[in-house]
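S.K.: My questions will all concern the structure given below.
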Amino acid sequence: MMVSIAGAGVAGLCCAFELAQQGHSVTVFEKAGTLGANTCSQFAGGMLAPWCERETADEMVLTRGQKAIDWWDKITQVTRLGTLVVAPQRDLAELARFARRTTGHRPADTVKLEPELGERPGLFYPDEAHLNPEKALRDLAAACVDRGVEFSFDCIAPDDVMINCTGVLAKLPELRSVRGEMVLLRCPSLNLRRTIRLLHPRFPAYLVPRGDGIYMLGATMIESDASGPVFLRSMMELLGAAFTLHPAFAEAEIITSGTGLRPAFPDNLPRVQQIDGTWHVNGLYRHGFLLAPAMAMDLVHKMGTPNENIC
């Protein structure tokens with residue numbers, strides 16, 4: 001079957017890959033001129049952390065998100081060093097609450113796991129992982145091309161596009177924007193290797209290593225459709241969280257900052273649905289890289305194989 005997809009973010013690429021795997025002839029249309037531009041995928045943390053996400057997310061995020069680690073490991077470089085969750089002494093109640101709401105953890109020996117952090121209370125989730133979103137998108141696009149997928153950049157998808165993966169631009173009923181902000185830092189004096197979550201009752205943050213002393217720091221969750229630069233308050237909170245995690249971040253360089261609008265439905269769970277003849281894969285919220293593979297496989301199942309004559 002000839003299949004057209006609007007959107008070359010993580011959802012669109014995962015769908016293209018899975019459909020091509022099943023023998024469909026796939027074309028992806030992307031209005032941006034390059035891969036990953038103007039999509040919230042480029043501002044993602046790249047955390048494959050289903051156990052930690054269960055703290056606020058539905059059980060489905062845990063059960064289906066676990067499979068994403070192996071899925072991505074076949075496509076791109078995945079760092080399987082687990083997630084370290086820590087809290088300042090004044091916020092130990094947050095650490096206890098986090099532990100009650102999640103599974104798959106054990107008390108963390110922070111000195112052994114991340115010596116530069118020193119001894120502090122924490123939880124360790126050994127089965128979690130992370131990836132570099134920019135590299136993952138490039139590698140996934142290359143894997144799509146290897147399977148015959150064609151890309152058309154700087155191009156508006158036709159009105160009769162079969163699959164829409166354009167996030168908030170799809171303007172579906174009940175879909176809203178949740179603004180996420182991030183900062184990319186360079187701090188060569190530190191060598192942190194795994195994702196670190198810093199708990200705070202009002203402003204939890206996470207730090208994801210990108211290698212070579214570069215770290216992604218995020219991310220806010222603001223109910224807003226404003227797509228402009230990072231808010232001043234958010235920047236202050238993010239940088240304050242970095243300094244709380246380690247004083248060396250006071251001398252870090254700010255490489256860049258960015259804002260992504262995450263598409264979310266009222267239950268914060270993704271949906272694969274057909275509306276007026278168009279399939280929509282949307283509502284990935286803050287779980288894009290974690291749940292996009294599962295949603296793509298759902299789409300393949302619902303559409304059927306090329307031989308089933310489903311359109």
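Ligands are numbered from 1 in the order shown, residues from 1 within each chain, and chains are lettered A, B, ... in the order they appear in the structure tokens.
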Using DSSP on the backbone coordinates, identify the residues of range 8-213 of chain A assigned to helix (DSSP H, G or I); present them as a PyMOL selection string.

M.R.: chain A and resi 10-21+40-43+50-53+59-73+89-101+110-113+115-117+133-146+167-170

S.K.: Excluding range 62-78 of chain A and residues on its chain fewer than 2 positions from it, collect all residues at most 8 Å away from it, counting only C-alpha atoms, and give them as a ChimeraX atom specification.

M.R.: /A:48-51,53-54,58-60,80,128-132,135-136,139-140,143,289-291,293-294

S.K.: Separation of CA of Lys112 in chain A and CA of Asp127 in chain A, in Å?

M.R.: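 About the pair CA of Lys112 in chain A and CA of Asp127 in chain A: they are 16.9 Å apart.
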
S.K.: Per residue of range 8-97 of chain A within 10 Å of range 182-190 of chain A, note the shortest atom pair and the distance in Å to one decimal, counting only C-alpha atoms, and order the rows by chain and increasing residue number, as JSON lines.

M.R.:
{"residue": "A:Phe43", "atom": "CA", "partner": "A:Met182", "partner_atom": "CA", "distance": 6.7}
{"residue": "A:Ala44", "atom": "CA", "partner": "A:Met182", "partner_atom": "CA", "distance": 8.2}
{"residue": "A:Gly45", "atom": "CA", "partner": "A:Met182", "partner_atom": "CA", "distance": 8.3}

S.K.: Next, write the just-selected residues to a file, as a PDB file, in the first residue's frame, keeping C-alpha atoms as the atom set.

M.R.:
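Done, and the output landed in selection.pdb:
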ATOM      1  CA  PHE A  43      14.150  19.516  22.567  1.00  0.00           C
ATOM      2  CA  ALA A  44      13.471  16.134  24.167  1.00  0.00           C
ATOM      3  CA  GLY A  45      15.543  14.761  27.001  1.00  0.00           C
TER       4      GLY A  45
END

S.K.: Which one of A:Pro263, A:Pro121, A:Gly213, A:Gly33 sits closest to Pro173 in chain A if you count only C-alpha atoms?

M.R.: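 Using only C-alpha atoms, Pro173 in chain A sits closest to A:Pro263.
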
S.K.: Show me, as a list of chain:residue names, the residues that have an atom within 12 Å of Asp276 in chain A when counting only C-alpha atoms, minus same-chain residues fewer than 3 positions from it.

M.R.: A:Asp159, A:Asp160, A:Val161, A:Met162, A:Ile163, A:Asn164, A:Leu172, A:Gln273, A:Trp279, A:His280

S.K.: Which residues, written as a VMD selection string, have at least one atom at most 12 Å from Asp298 in chain A, with only C-alpha atoms counted and residues fewer than 2 positions away on the same chain left out?

M.R.: chain A and resid 11 14 to 15 18 to 19 64 270 to 273 279 to 281 291 to 296 300 to 304

S.K.: Just asking: which residues within range 83-159 of chain A are strand (DSSP E) according to DSSP, as a count of residues only?

M.R.: 17

S.K.: Go through A:Asp225, A:Glu94, A:Glu174, A:Glu30 one by one, measure the shortest atom-to-atom distance of each to Pro204 in chain A using only C-alpha atoms, and give the residue with the smallest value.

M.R.: A:Glu94

S.K.: Could you give me, as number ranges by chain, the residues within 9 Å of Leu175 in chain A, counting only C-alpha atoms and dropping anything in the same chain fewer than 6 positions from it?

M.R.: A: 167-168, 263-266, 282-283

S.K.: For the residues selected in the previous step, produce a file with N, CA and C atoms as a PDB file, in the first residue's frame.

M.R.:
ATOM      1  N   GLY A 167       1.730  16.556  15.724  1.00  0.00           N
ATOM      2  CA  GLY A 167       1.662  17.093  17.074  1.00  0.00           C
ATOM      3  C   GLY A 167       0.595  18.153  17.235  1.00  0.00           C
ATOM      4  N   VAL A 168       0.949  19.245  17.902  1.00  0.00           N
ATOM      5  CA  VAL A 168      -0.044  20.277  18.196  1.00  0.00           C
ATOM      6  C   VAL A 168      -0.579  20.938  16.936  1.00  0.00           C
ATOM      7  N   PRO A 263       2.324  17.805  22.566  1.00  0.00           N
ATOM      8  CA  PRO A 263       0.886  17.577  22.375  1.00  0.00           C
ATOM      9  C   PRO A 263       0.353  16.630  23.434  1.00  0.00           C
ATOM     10  N   ALA A 264      -0.751  16.993  24.067  1.00  0.00           N
ATOM     11  CA  ALA A 264      -1.288  16.170  25.145  1.00  0.00           C
ATOM     12  C   ALA A 264      -2.813  16.179  25.123  1.00  0.00           C
ATOM     13  N   PHE A 265      -3.395  15.007  25.365  1.00  0.00           N
ATOM     14  CA  PHE A 265      -4.829  14.884  25.572  1.00  0.00           C
ATOM     15  C   PHE A 265      -5.121  15.018  27.067  1.00  0.00           C
ATOM     16  N   PRO A 266      -6.388  15.129  27.445  1.00  0.00           N
ATOM     17  CA  PRO A 266      -6.710  15.336  28.867  1.00  0.00           C
ATOM     18  C   PRO A 266      -6.122  14.295  29.810  1.00  0.00           C
ATOM     19  N   ASN A 282      -0.912  10.795  17.953  1.00  0.00           N
ATOM     20  CA  ASN A 282      -0.704  12.073  18.614  1.00  0.00           C
ATOM     21  C   ASN A 282      -0.853  11.929  20.130  1.00  0.00           C
ATOM     22  N   GLY A 283      -0.573  13.033  20.828  1.00  0.00           N
ATOM     23  CA  GLY A 283      -0.731  13.060  22.273  1.00  0.00           C
ATOM     24  C   GLY A 283       0.384  12.384  23.040  1.00  0.00           C
TER      25      GLY A 283
END

S.K.: For Thr220 in chain A, find every residue with an atom within 7 Å (counting only C-alpha atoms), except residues of its own chain fewer than 3 positions away, and show them as a PDB file with C-alpha atoms, in the first residue's frame.

M.R.:
ATOM      1  CA  ARG A 179       5.348  23.816  26.979  1.00  0.00           C
ATOM      2  CA  GLY A 180       8.678  22.208  27.806  1.00  0.00           C
ATOM      3  CA  GLU A 181      11.882  24.206  28.132  1.00  0.00           C
TER       4      GLU A 181
END

S.K.: Enter the distance from CA of Val10 in chain A to CA of Gly218 in chain A, in Å, rounded to one decimal.

M.R.: 18.5 Å

S.K.: Could you name the residues that touch Pro201 in chain A at 12 Å or less, counting only C-alpha atoms, but leaving out those on the same chain fewer than 5 positions away, as a PDB file with N, CA and C atoms, in the first residue's frame?

M.R.:
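Generated output (around-v1.pdb):
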ATOM      1  N   ALA A  87      17.736  13.915  46.000  1.00  0.00           N
ATOM      2  CA  ALA A  87      17.026  15.058  46.569  1.00  0.00           C
ATOM      3  C   ALA A  87      17.899  15.708  47.630  1.00  0.00           C
ATOM      4  N   PRO A  88      17.807  17.018  47.780  1.00  0.00           N
ATOM      5  CA  PRO A  88      18.499  17.670  48.897  1.00  0.00           C
ATOM      6  C   PRO A  88      17.927  17.171  50.227  1.00  0.00           C
ATOM      7  N   ARG A  90      16.649  18.711  52.580  1.00  0.00           N
ATOM      8  CA  ARG A  90      15.392  19.360  52.955  1.00  0.00           C
ATOM      9  C   ARG A  90      14.185  18.764  52.230  1.00  0.00           C
ATOM     10  N   ASP A  91      14.436  17.987  51.151  1.00  0.00           N
ATOM     11  CA  ASP A  91      13.342  17.437  50.349  1.00  0.00           C
ATOM     12  C   ASP A  91      13.295  15.918  50.413  1.00  0.00           C
ATOM     13  N   LEU A  92      13.717  15.332  51.514  1.00  0.00           N
ATOM     14  CA  LEU A  92      13.710  13.880  51.630  1.00  0.00           C
ATOM     15  C   LEU A  92      12.302  13.314  51.564  1.00  0.00           C
ATOM     16  N   ALA A  93      11.308  14.107  51.952  1.00  0.00           N
ATOM     17  CA  ALA A  93       9.917  13.649  51.842  1.00  0.00           C
ATOM     18  C   ALA A  93       9.548  13.404  50.388  1.00  0.00           C
ATOM     19  N   GLU A  94      10.111  14.204  49.478  1.00  0.00           N
ATOM     20  CA  GLU A  94       9.854  14.006  48.051  1.00  0.00           C
ATOM     21  C   GLU A  94      10.464  12.687  47.569  1.00  0.00           C
ATOM     22  N   LEU A  95      11.626  12.358  48.088  1.00  0.00           N
ATOM     23  CA  LEU A  95      12.271  11.104  47.708  1.00  0.00           C
ATOM     24  C   LEU A  95      11.454   9.907  48.196  1.00  0.00           C
ATOM     25  N   ALA A  96      10.939   9.987  49.396  1.00  0.00           N
ATOM     26  CA  ALA A  96      10.113   8.911  49.931  1.00  0.00           C
ATOM     27  C   ALA A  96       8.822   8.767  49.135  1.00  0.00           C
ATOM     28  N   ARG A  97       8.222   9.887  48.764  1.00  0.00           N
ATOM     29  CA  ARG A  97       6.998   9.848  47.952  1.00  0.00           C
ATOM     30  C   ARG A  97       7.274   9.238  46.578  1.00  0.00           C
ATOM     31  N   PHE A  98       8.395   9.625  45.979  1.00  0.00           N
ATOM     32  CA  PHE A  98       8.773   9.100  44.667  1.00  0.00           C
ATOM     33  C   PHE A  98       8.956   7.585  44.738  1.00  0.00           C
TER      34      PHE A  98
END

S.K.: Could you state the separation of CA of Gly148 in chain A and CA of Ser4 in chain A in Å, given to one decimal place?

M.R.: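 Computed distance, CA of Gly148 in chain A to CA of Ser4 in chain A, equals 13.0 Å.
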